[in-house]
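Undergrad: First the structure, which I've put down as structure tokens, then a few questions once you've had a look.
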Amino acid sequence: MRRISDLVTKTTATTTTTMNDMTPPFAVPLKDVSPVSTPSNESSLSSMNNQRRAVKVPQPYDAFLVLDVEATCLQGSDFNWPNEIIEWPVCLLKWVDKGNNGMASALQKVAEFRNFVKPIWRPKLSPFCTSLTGITQEQVDSAPHFPEVVWRFSAFLVQHGLIHPVTGERLVRFCWCTDGPFDIRDFVVKQCFISSISIPPWLMGDVVDVRKVVSTWAKFNQAQTPRLKHTFPHRISPNIESQLRFLDLAPFEGRQHCGLDDSRNVARIIIELARRGVRLVPNTPIQPGRRWPWMGKPGQILEQYCLK
């Protein structure tokens, strides 16, 4: 029987940010992460933020997994199309100041995971998809299929003490964080159906929709401070750039719609929310059994329901 613990023992200390070879290095130590160009105004914004006193509040979760997948798409397609995940990037955040009473305010990024994924239904990427995500045909052609990526990521969770190496049981309280509900509610549920696998136990449960958290925080602060510099209409769901701006953080770092860069920027937002005393708890339900019209038997996509 293939066990996660067998895979973890083979993990080497040397890691890279891209994991398309079949050797299973999982963690990306922060010292090995390629530096991202920093906007010139970051130091002044950071200084301004640091002047605000951090606010400790009870935080029930010990770790946070920040996920922002990229998936196949056609120009004009929407979330009802059978998208296949082609990038699985995660930033792992943990508290550095959590006491026995559960009070905390300082989150730190401790590791990253990234794997490109080879699609199976429509393995050839559309020009629109490559232009949007920056992911090339060569990168997905040399990548493993989604079940193998799930296996590799399980070993990453074991390596960082989040799940048991044999049973897969959660060892600490952790939850998933995404920008909007789409990544797990739509993309993961669809991908597991297409790959004919069950949703992994470590992916079950509600998630923290960071966009919703920031929107709620913005409404509260705008009500308290009518002349707040950065605002956005309540009817608009704020993208990552808007969230960064509202929190007075430096602009988006990296390439938008690069899954890893998106995840890193969402992680920055979560870290800042924690520093400001926002209690980070799941706020969005996921429906693992959700169905779309194009779903036939497990793994079967009914072409007549798909945009050509």
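Naming scheme: A, B, ... for chains in displayed order of the structure tokens; residues 1 onward per chain; ligands 1 onward as shown.
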Could you please write out, as a PyMOL selection string, every residue of region 73-260 of chain A that DSSP assigns to alpha helix (DSSP H)?
TA: chain A and resi 127-133+137-141+146-159+182+189-194+210-224+240-246+259-260
Undergrad: For the strand (DSSP E or B) assignment from backbone DSSP, which residues of region 71-218 of chain A qualify? Please present them as a ChimeraX atom specification.
TA: /A:71,85-95,103-104,107-116,163,170,174-178,207-209
Undergrad: Take the residues from that selection and put them in a file with C-alpha atoms, as a PDB file, in the first residue's frame.
TA:
```
ATOM      1  CA  ALA A  71      -7.314  26.487 -14.476  1.00  0.00           C
ATOM      2  CA  ILE A  85      -6.675  22.880 -12.597  1.00  0.00           C
ATOM      3  CA  ILE A  86      -3.252  23.557 -14.145  1.00  0.00           C
ATOM      4  CA  GLU A  87      -1.462  25.180 -11.184  1.00  0.00           C
ATOM      5  CA  TRP A  88      -1.695  24.241  -7.496  1.00  0.00           C
ATOM      6  CA  PRO A  89       0.096  26.898  -5.387  1.00  0.00           C
ATOM      7  CA  VAL A  90      -0.199  27.152  -1.598  1.00  0.00           C
ATOM      8  CA  CYS A  91       1.332  29.454   1.017  1.00  0.00           C
ATOM      9  CA  LEU A  92       1.408  28.076   4.564  1.00  0.00           C
ATOM     10  CA  LEU A  93       0.961  30.622   7.366  1.00  0.00           C
ATOM     11  CA  LYS A  94       1.484  29.995  11.075  1.00  0.00           C
ATOM     12  CA  TRP A  95       1.333  32.148  14.200  1.00  0.00           C
ATOM     13  CA  MET A 103      -4.469  35.232  21.648  1.00  0.00           C
ATOM     14  CA  ALA A 104      -2.420  36.157  18.582  1.00  0.00           C
ATOM     15  CA  LEU A 107       1.204  35.446  11.218  1.00  0.00           C
ATOM     16  CA  GLN A 108       4.264  34.412   9.229  1.00  0.00           C
ATOM     17  CA  LYS A 109       4.660  32.596   5.932  1.00  0.00           C
ATOM     18  CA  VAL A 110       6.669  29.476   6.711  1.00  0.00           C
ATOM     19  CA  ALA A 111       6.532  27.466   3.482  1.00  0.00           C
ATOM     20  CA  GLU A 112       5.218  27.343  -0.053  1.00  0.00           C
ATOM     21  CA  PHE A 113       4.120  24.560  -2.375  1.00  0.00           C
ATOM     22  CA  ARG A 114       3.691  24.739  -6.113  1.00  0.00           C
ATOM     23  CA  ASN A 115       2.945  22.167  -8.773  1.00  0.00           C
ATOM     24  CA  PHE A 116       1.762  22.561 -12.323  1.00  0.00           C
ATOM     25  CA  ILE A 163      -1.753  15.747   9.146  1.00  0.00           C
ATOM     26  CA  ARG A 170      -5.544  16.517  11.160  1.00  0.00           C
ATOM     27  CA  PHE A 174      -5.955  24.581  10.034  1.00  0.00           C
ATOM     28  CA  CYS A 175      -8.222  26.031   7.413  1.00  0.00           C
ATOM     29  CA  TRP A 176      -8.076  27.069   3.790  1.00  0.00           C
ATOM     30  CA  CYS A 177      -8.071  30.688   2.632  1.00  0.00           C
ATOM     31  CA  THR A 178      -8.988  31.804  -0.879  1.00  0.00           C
ATOM     32  CA  VAL A 207     -13.080  28.023   3.943  1.00  0.00           C
ATOM     33  CA  VAL A 208     -12.060  31.607   4.701  1.00  0.00           C
ATOM     34  CA  ASP A 209     -13.172  33.760   1.788  1.00  0.00           C
TER      35      ASP A 209
END
```
Undergrad: Between CA of Asp206 (chain A) and CA of Pro282 (chain A), what is the distance, to one decimal in Å?
TA: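 Computing the Euclidean distance for CA of Asp206 (chain A) and CA of Pro282 (chain A) yields 5.5 Å.
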Undergrad: Have a look at CA of Ser131 (chain A) and CA of Ser237 (chain A) and let me know their distance in Å, one decimal.
TA: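 CA of Ser237 (chain A) lies 23.7 Å from CA of Ser131 (chain A).
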Undergrad: Identify, on the basis of only C-alpha atoms, every residue whose closest approach to region 251-264 of chain A does not exceed 6 Å; exclude the query and any residue fewer than 3 positions from it along the same chain; express the result as a list in words.
TA: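 Contacts, in chain order: Val66, Leu67, Asp68, Val69, Glu70, Pro89, Thr133, Glu241 and Ala267 of chain A.
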Undergrad: Would you export the selected residues with N, CA and C atoms as a PDB file, in the first residue's frame, please?
TA:
```pdb
ATOM      1  N   VAL A  66      -3.147  29.092   2.111  1.00  0.00           N
ATOM      2  CA  VAL A  66      -3.647  30.080   1.153  1.00  0.00           C
ATOM      3  C   VAL A  66      -3.509  29.503  -0.249  1.00  0.00           C
ATOM      4  N   LEU A  67      -4.643  29.344  -0.924  1.00  0.00           N
ATOM      5  CA  LEU A  67      -4.677  28.668  -2.229  1.00  0.00           C
ATOM      6  C   LEU A  67      -5.269  29.590  -3.286  1.00  0.00           C
ATOM      7  N   ASP A  68      -4.627  29.666  -4.438  1.00  0.00           N
ATOM      8  CA  ASP A  68      -5.186  30.391  -5.578  1.00  0.00           C
ATOM      9  C   ASP A  68      -4.820  29.634  -6.841  1.00  0.00           C
ATOM     10  N   VAL A  69      -5.692  28.725  -7.270  1.00  0.00           N
ATOM     11  CA  VAL A  69      -5.387  27.867  -8.408  1.00  0.00           C
ATOM     12  C   VAL A  69      -5.522  28.629  -9.714  1.00  0.00           C
ATOM     13  N   GLU A  70      -4.902  28.106 -10.745  1.00  0.00           N
ATOM     14  CA  GLU A  70      -5.173  28.527 -12.115  1.00  0.00           C
ATOM     15  C   GLU A  70      -5.742  27.322 -12.849  1.00  0.00           C
ATOM     16  N   PRO A  89      -0.855  26.173  -6.226  1.00  0.00           N
ATOM     17  CA  PRO A  89       0.096  26.898  -5.387  1.00  0.00           C
ATOM     18  C   PRO A  89      -0.495  27.175  -4.002  1.00  0.00           C
ATOM     19  N   THR A 133      -2.752  33.370 -17.793  1.00  0.00           N
ATOM     20  CA  THR A 133      -2.053  32.793 -16.643  1.00  0.00           C
ATOM     21  C   THR A 133      -0.537  32.804 -16.760  1.00  0.00           C
ATOM     22  N   GLU A 241      -5.996  43.535  -5.854  1.00  0.00           N
ATOM     23  CA  GLU A 241      -5.425  44.883  -5.882  1.00  0.00           C
ATOM     24  C   GLU A 241      -6.202  45.839  -4.980  1.00  0.00           C
ATOM     25  N   ALA A 267      -1.832  36.045   0.882  1.00  0.00           N
ATOM     26  CA  ALA A 267      -1.192  35.798   2.178  1.00  0.00           C
ATOM     27  C   ALA A 267      -0.815  37.115   2.852  1.00  0.00           C
TER      28      ALA A 267
END
```
Undergrad: Please build the interface table for region 134-249 of chain A against region 286-306 of chain A with a cut-off of 7 Å, listing for each qualifying residue the nearest atom pair and the distance in Å to one decimal; count only C-alpha atoms, order rows by chain and increasing number, and write it as CSV.
TA:
```
residue,atom,partner,partner_atom,distance
A:Arg185,CA,A:Ile286,CA,5.2
A:Val189,CA,A:Pro288,CA,5.9
A:Phe193,CA,A:Gly299,CA,5.6
A:Ile194,CA,A:Gly299,CA,4.2
A:Ser195,CA,A:Gly299,CA,5.8
A:Ser196,CA,A:Gly299,CA,5.0
A:Gly205,CA,A:Ile286,CA,6.7
A:Asp206,CA,A:Ile286,CA,5.7
```
